[in-house]
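What follows is the content of data-v4.cif (mmCIF, C-alpha atoms).
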```cif
data_target
#
loop_
_atom_site.label_atom_id
_atom_site.label_comp_id
_atom_site.auth_asym_id
_atom_site.auth_seq_id
_atom_site.Cartn_x
_atom_site.Cartn_y
_atom_site.Cartn_z
CA MET L 291 0.85 -20.25 2.45
CA LEU L 292 2.15 -17.06 4.01
CA SER L 293 2.01 -16.71 7.75
CA LEU L 294 3.00 -14.15 10.32
CA PRO L 295 5.02 -14.68 13.49
CA PRO L 296 3.36 -13.77 16.79
CA PRO L 297 3.38 -9.95 16.95
CA SER L 298 4.93 -9.98 20.42
CA SER L 299 8.00 -11.79 18.98
CA LEU L 300 8.86 -9.19 16.31
CA LYS L 301 11.30 -7.27 18.50
CA GLU L 302 13.38 -10.43 19.03
CA LEU L 303 13.42 -11.58 15.39
CA PRO L 304 16.34 -10.98 13.02
CA GLN L 305 15.91 -7.80 11.02
CA GLU L 306 15.32 -9.76 7.78
CA GLN L 307 12.28 -11.48 9.33
CA GLN L 308 11.01 -8.16 10.63
CA PHE L 309 11.24 -6.77 7.10
CA GLN L 310 9.51 -9.86 5.65
CA THR L 311 6.64 -9.24 8.07
CA LEU L 312 6.36 -5.61 6.98
CA ASP L 313 6.51 -6.70 3.32
CA THR L 314 3.70 -9.19 3.90
CA LEU L 315 1.46 -6.64 5.57
CA PHE L 316 2.28 -3.73 3.28
CA GLU L 317 4.40 -3.96 0.13
CA SER L 318 8.15 -4.28 -0.07
CA SER L 319 9.74 -0.88 0.41
CA PRO L 320 13.29 -0.04 1.51
CA GLU L 321 11.93 3.27 2.80
CA LEU L 322 9.38 1.47 5.00
CA HIS L 323 12.19 -0.73 6.33
CA THR L 324 14.23 2.38 7.18
CA LEU L 325 11.25 4.11 8.80
CA MET L 326 10.29 1.16 10.96
CA THR L 327 13.73 -0.28 11.90
CA PRO L 328 14.04 1.69 15.17
CA VAL L 329 10.41 0.99 16.08
CA LEU L 330 10.70 -2.76 15.50
CA ALA L 331 13.99 -2.89 17.43
CA ASN L 332 12.65 -1.08 20.49
CA GLN L 333 8.93 -1.69 20.77
CA THR L 334 6.89 -4.79 21.54
CA PHE L 335 3.50 -5.17 19.89
CA SER L 336 0.65 -7.12 21.45
CA SER L 337 -1.26 -7.28 18.15
CA TYR L 338 -0.80 -6.70 14.47
CA THR L 339 -3.43 -3.96 14.69
CA SER L 340 -1.15 -2.00 17.02
CA LEU L 341 1.85 -2.53 14.71
CA ILE L 342 -0.12 -1.46 11.65
CA ASP L 343 -1.45 1.60 13.48
CA ALA L 344 2.14 2.46 14.44
CA VAL L 345 3.21 2.24 10.79
CA GLY L 346 0.23 4.40 9.75
CA GLY L 347 1.08 6.92 12.45
CA ARG L 348 4.69 7.14 11.33
CA MET L 349 3.61 7.62 7.70
CA SER L 350 1.11 10.33 8.71
CA ALA L 351 3.83 12.08 10.71
CA LEU L 352 6.03 12.11 7.60
CA SER L 353 3.19 13.62 5.56
CA ALA L 354 2.98 16.54 8.00
CA ALA L 355 6.72 17.20 7.92
CA ASN L 356 8.20 19.96 5.82
CA SER L 357 11.48 18.15 5.28
CA PRO L 358 12.17 17.13 1.66
CA ALA L 359 13.98 14.02 2.99
CA ASP L 360 10.88 12.98 4.97
CA ARG L 361 8.71 13.58 1.93
CA ASP L 362 11.02 11.41 -0.21
CA ILE L 363 10.78 8.57 2.32
CA LEU L 364 6.99 8.84 2.38
CA VAL L 365 6.66 8.94 -1.42
CA GLY L 366 8.95 5.89 -1.62
CA ILE L 367 6.63 3.98 0.71
CA LEU L 368 3.41 5.12 -0.94
CA GLY L 369 4.77 4.56 -4.43
CA SER L 370 5.74 0.96 -3.62
CA HIS L 371 2.16 -0.22 -3.93
CA PRO L 372 1.33 -1.97 -7.23
CA ARG L 373 -0.93 -0.35 -9.79
CA LEU L 374 -4.51 -1.53 -9.59
CA GLY L 375 -5.42 -3.95 -12.34
CA GLN L 376 -1.81 -4.37 -13.42
CA PRO L 377 -1.72 -7.26 -15.90
CA LYS L 378 0.37 -10.35 -15.29
CA THR L 379 3.43 -9.37 -17.29
CA ALA L 380 7.13 -8.95 -16.68
CA ALA L 381 6.38 -5.37 -15.53
CA ALA L 382 4.12 -6.79 -12.83
CA GLU L 383 6.75 -9.08 -11.33
CA HIS L 384 6.91 -7.04 -8.11
CA LEU L 385 3.18 -7.63 -7.55
CA SER L 386 3.01 -9.63 -4.33
CA GLU L 387 0.97 -12.80 -4.14
CA LEU L 388 -1.41 -11.12 -1.69
CA SER L 389 -1.90 -8.14 -4.04
CA ARG L 390 -2.53 -10.56 -6.90
CA LYS L 391 -5.30 -12.25 -4.91
CA GLU L 392 -6.77 -8.98 -3.64
CA GLN L 393 -6.96 -7.57 -7.16
CA ALA L 394 -8.18 -10.74 -8.86
CA ASN L 395 -11.59 -9.32 -9.78
CA LEU L 396 -9.96 -6.20 -11.26
CA ASN L 397 -8.16 -8.33 -13.85
CA THR L 398 -11.33 -9.84 -15.28
CA GLY L 399 -13.98 -8.40 -17.56
CA ALA L 400 -14.02 -6.39 -20.74
CA GLU L 401 -10.74 -5.41 -22.35
CA GLU L 402 -12.14 -1.90 -22.81
CA GLN L 403 -12.46 -1.50 -19.03
CA ALA L 404 -8.92 -2.82 -18.53
CA GLU L 405 -7.62 -0.17 -20.94
CA GLN L 406 -9.67 2.49 -19.16
CA LEU L 407 -8.12 1.43 -15.83
CA ARG L 408 -4.64 1.56 -17.37
CA LEU L 409 -5.32 5.10 -18.60
CA LEU L 410 -6.69 6.15 -15.21
CA ASN L 411 -3.55 4.81 -13.52
CA ALA L 412 -1.41 6.89 -15.91
CA GLU L 413 -3.55 10.01 -15.37
CA TYR L 414 -3.43 9.52 -11.60
CA GLU L 415 0.36 9.16 -11.58
CA GLU L 416 0.70 12.29 -13.73
CA LYS L 417 -1.57 14.24 -11.36
CA PHE L 418 0.19 12.92 -8.24
CA PRO L 419 3.87 12.34 -9.17
CA GLY L 420 5.51 9.50 -7.24
CA LEU L 421 2.24 8.15 -5.88
CA ARG L 422 0.15 5.14 -6.81
CA PHE L 423 -3.60 4.93 -6.41
CA VAL L 424 -4.28 2.81 -3.33
CA THR L 425 -7.66 1.77 -2.04
CA PHE L 426 -8.97 -1.20 -0.09
CA VAL L 427 -10.54 -3.15 -2.96
CA ASN L 428 -12.42 -5.50 -0.59
CA GLY L 429 -14.21 -7.33 -3.42
CA ARG L 430 -15.48 -4.16 -5.11
CA SER L 431 -15.83 -4.22 -8.89
CA ARG L 432 -13.52 -2.59 -11.37
CA GLY L 433 -16.22 -0.04 -12.25
CA VAL L 434 -16.66 1.07 -8.63
CA ILE L 435 -12.90 1.36 -8.16
CA MET L 436 -12.57 3.42 -11.36
CA GLU L 437 -15.32 5.80 -10.15
CA GLU L 438 -13.39 6.32 -6.91
CA MET L 439 -10.18 6.83 -8.85
CA ARG L 440 -11.81 9.41 -11.14
CA ALA L 441 -13.22 11.33 -8.14
CA ARG L 442 -9.83 11.43 -6.44
CA ILE L 443 -8.07 12.58 -9.62
CA ASP L 444 -10.69 15.29 -10.17
CA ARG L 445 -10.39 16.43 -6.54
CA GLY L 446 -6.68 17.05 -7.18
CA ASP L 447 -5.77 17.51 -3.50
CA THR L 448 -2.30 15.99 -3.00
CA GLU L 449 -2.27 16.25 0.80
CA ARG L 450 -5.70 14.62 1.11
CA GLU L 451 -4.62 12.00 -1.41
CA ILE L 452 -1.59 11.10 0.68
CA GLU L 453 -3.82 10.60 3.73
CA GLU L 454 -6.24 8.45 1.69
CA ILE L 455 -3.36 6.30 0.46
CA ILE L 456 -2.09 5.86 4.03
CA GLN L 457 -5.61 4.92 5.19
CA GLY L 458 -5.92 2.47 2.30
CA MET L 459 -2.56 0.86 3.07
CA VAL L 460 -3.51 0.52 6.75
CA ALA L 461 -6.88 -1.05 5.86
CA ILE L 462 -5.21 -3.51 3.45
CA ALA L 463 -2.56 -4.42 6.04
CA LYS L 464 -5.20 -5.03 8.73
CA ASP L 465 -7.16 -7.23 6.33
CA ARG L 466 -4.04 -9.21 5.48
CA ALA L 467 -3.14 -9.62 9.15
CA SER L 468 -6.64 -10.88 9.97
CA LYS L 469 -6.38 -13.49 7.22
CA LEU L 470 -2.84 -14.63 8.11
CA CYS L 471 -3.11 -14.88 11.89
#
```

Just give me the structure as structure tokens.
Amino acid sequence: MLSLPPPSSLKELPQEQQFQTLDTLFESSPELHTLMTPVLANQTFSSYTSLIDAVGGRMSALSAANSPADRDILVGILGSHPRLGQPKTAAAEHLSELSRKEQANLNTGAEEQAEQLRLLNAEYEEKFPGLRFVTFVNGRSRGVIMEEMRARIDRGDTEREIEEIIQGMVAIAKDRASKLC
């Protein structure tokens, strides 16, 4: 069973353990490690909510920046999230155990719906290069998630999409923290 160290101890932990904590809350991303290294080295957090909000704030700040380097870092973080409904195959090896559990109900049901979700993922990634569709599944059905995905693809607003992904990642991380603390 995964667990998290006390949030107030993060500053004192070896960098590898700090990164493992970030990877547990979010998904493994070298860009997230780079973004948060100075924060984790210099700031003490009284709760995981405050840490997660700090990560979300840093990602939002990158989305507002005009620097191509900042945008590359942000896309690396946002693109690290697994595809929704990704089947258990060799291509899904980077799917974390927590993501596997969170998406369990998306991997059940009719094969036709699974194919539809696969096609929506491909359409989404074509519409928003470098990004992955991220939403807080929270027990919602595959059909409901696909309706949300379709609406976001049809909206076609990249900047709003980036903010929705950040919000989704923050919500997922807070849910994970509440379950692991």

Neighbours of Arg422 of chain L within 7 Å (all atoms listed in the file; same-chain residues fewer than 2 positions away dropped), as a ChimeraX atom specification? /L:368-369,371,373,415,420,424

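Residues matching the PyMOL selection byres ((chain L and resi 468) around 12) in this structure come to Ser293, Leu294, Leu315, Ser337, Tyr338, Thr339, Ile342, Ala461, Ile462, Ala463, Lys464, Asp465, Arg466, Ala467, Lys469, Leu470 and Cys471 of chain L.
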
Surrounding residues of Ile435 of chain L excluding itself and chain neighbours under 6 positions, 12 Å, all atoms listed in the file, as a PyMOL selection string: chain L and resi 374-375+393+395-396+403-404+406-407+410-411+423-429+441-442

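Going from atom CA of Arg432 of chain L to atom CA of Glu453 of chain L covers 22.3 Å.
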
Best match for closeness to Pro296 of chain L among L:Ile455, L:Leu364, L:Leu341, L:Val460, counting all atoms listed in the file: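 Closest to Pro296 of chain L of all the choices is L:Leu341.
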
Met349 of chain L proximity check over L:Thr327, L:Met459, L:Glu402, L:Phe418, using all atoms listed in the file: winner is L:Met459

Shell around Ser350 of chain L at 12 Å using only C-alpha atoms, local window under 3 positions removed, as a ChimeraX atom specification: /L:325,343-347,353-355,360-361,363-365,367-368,449-457,459-460
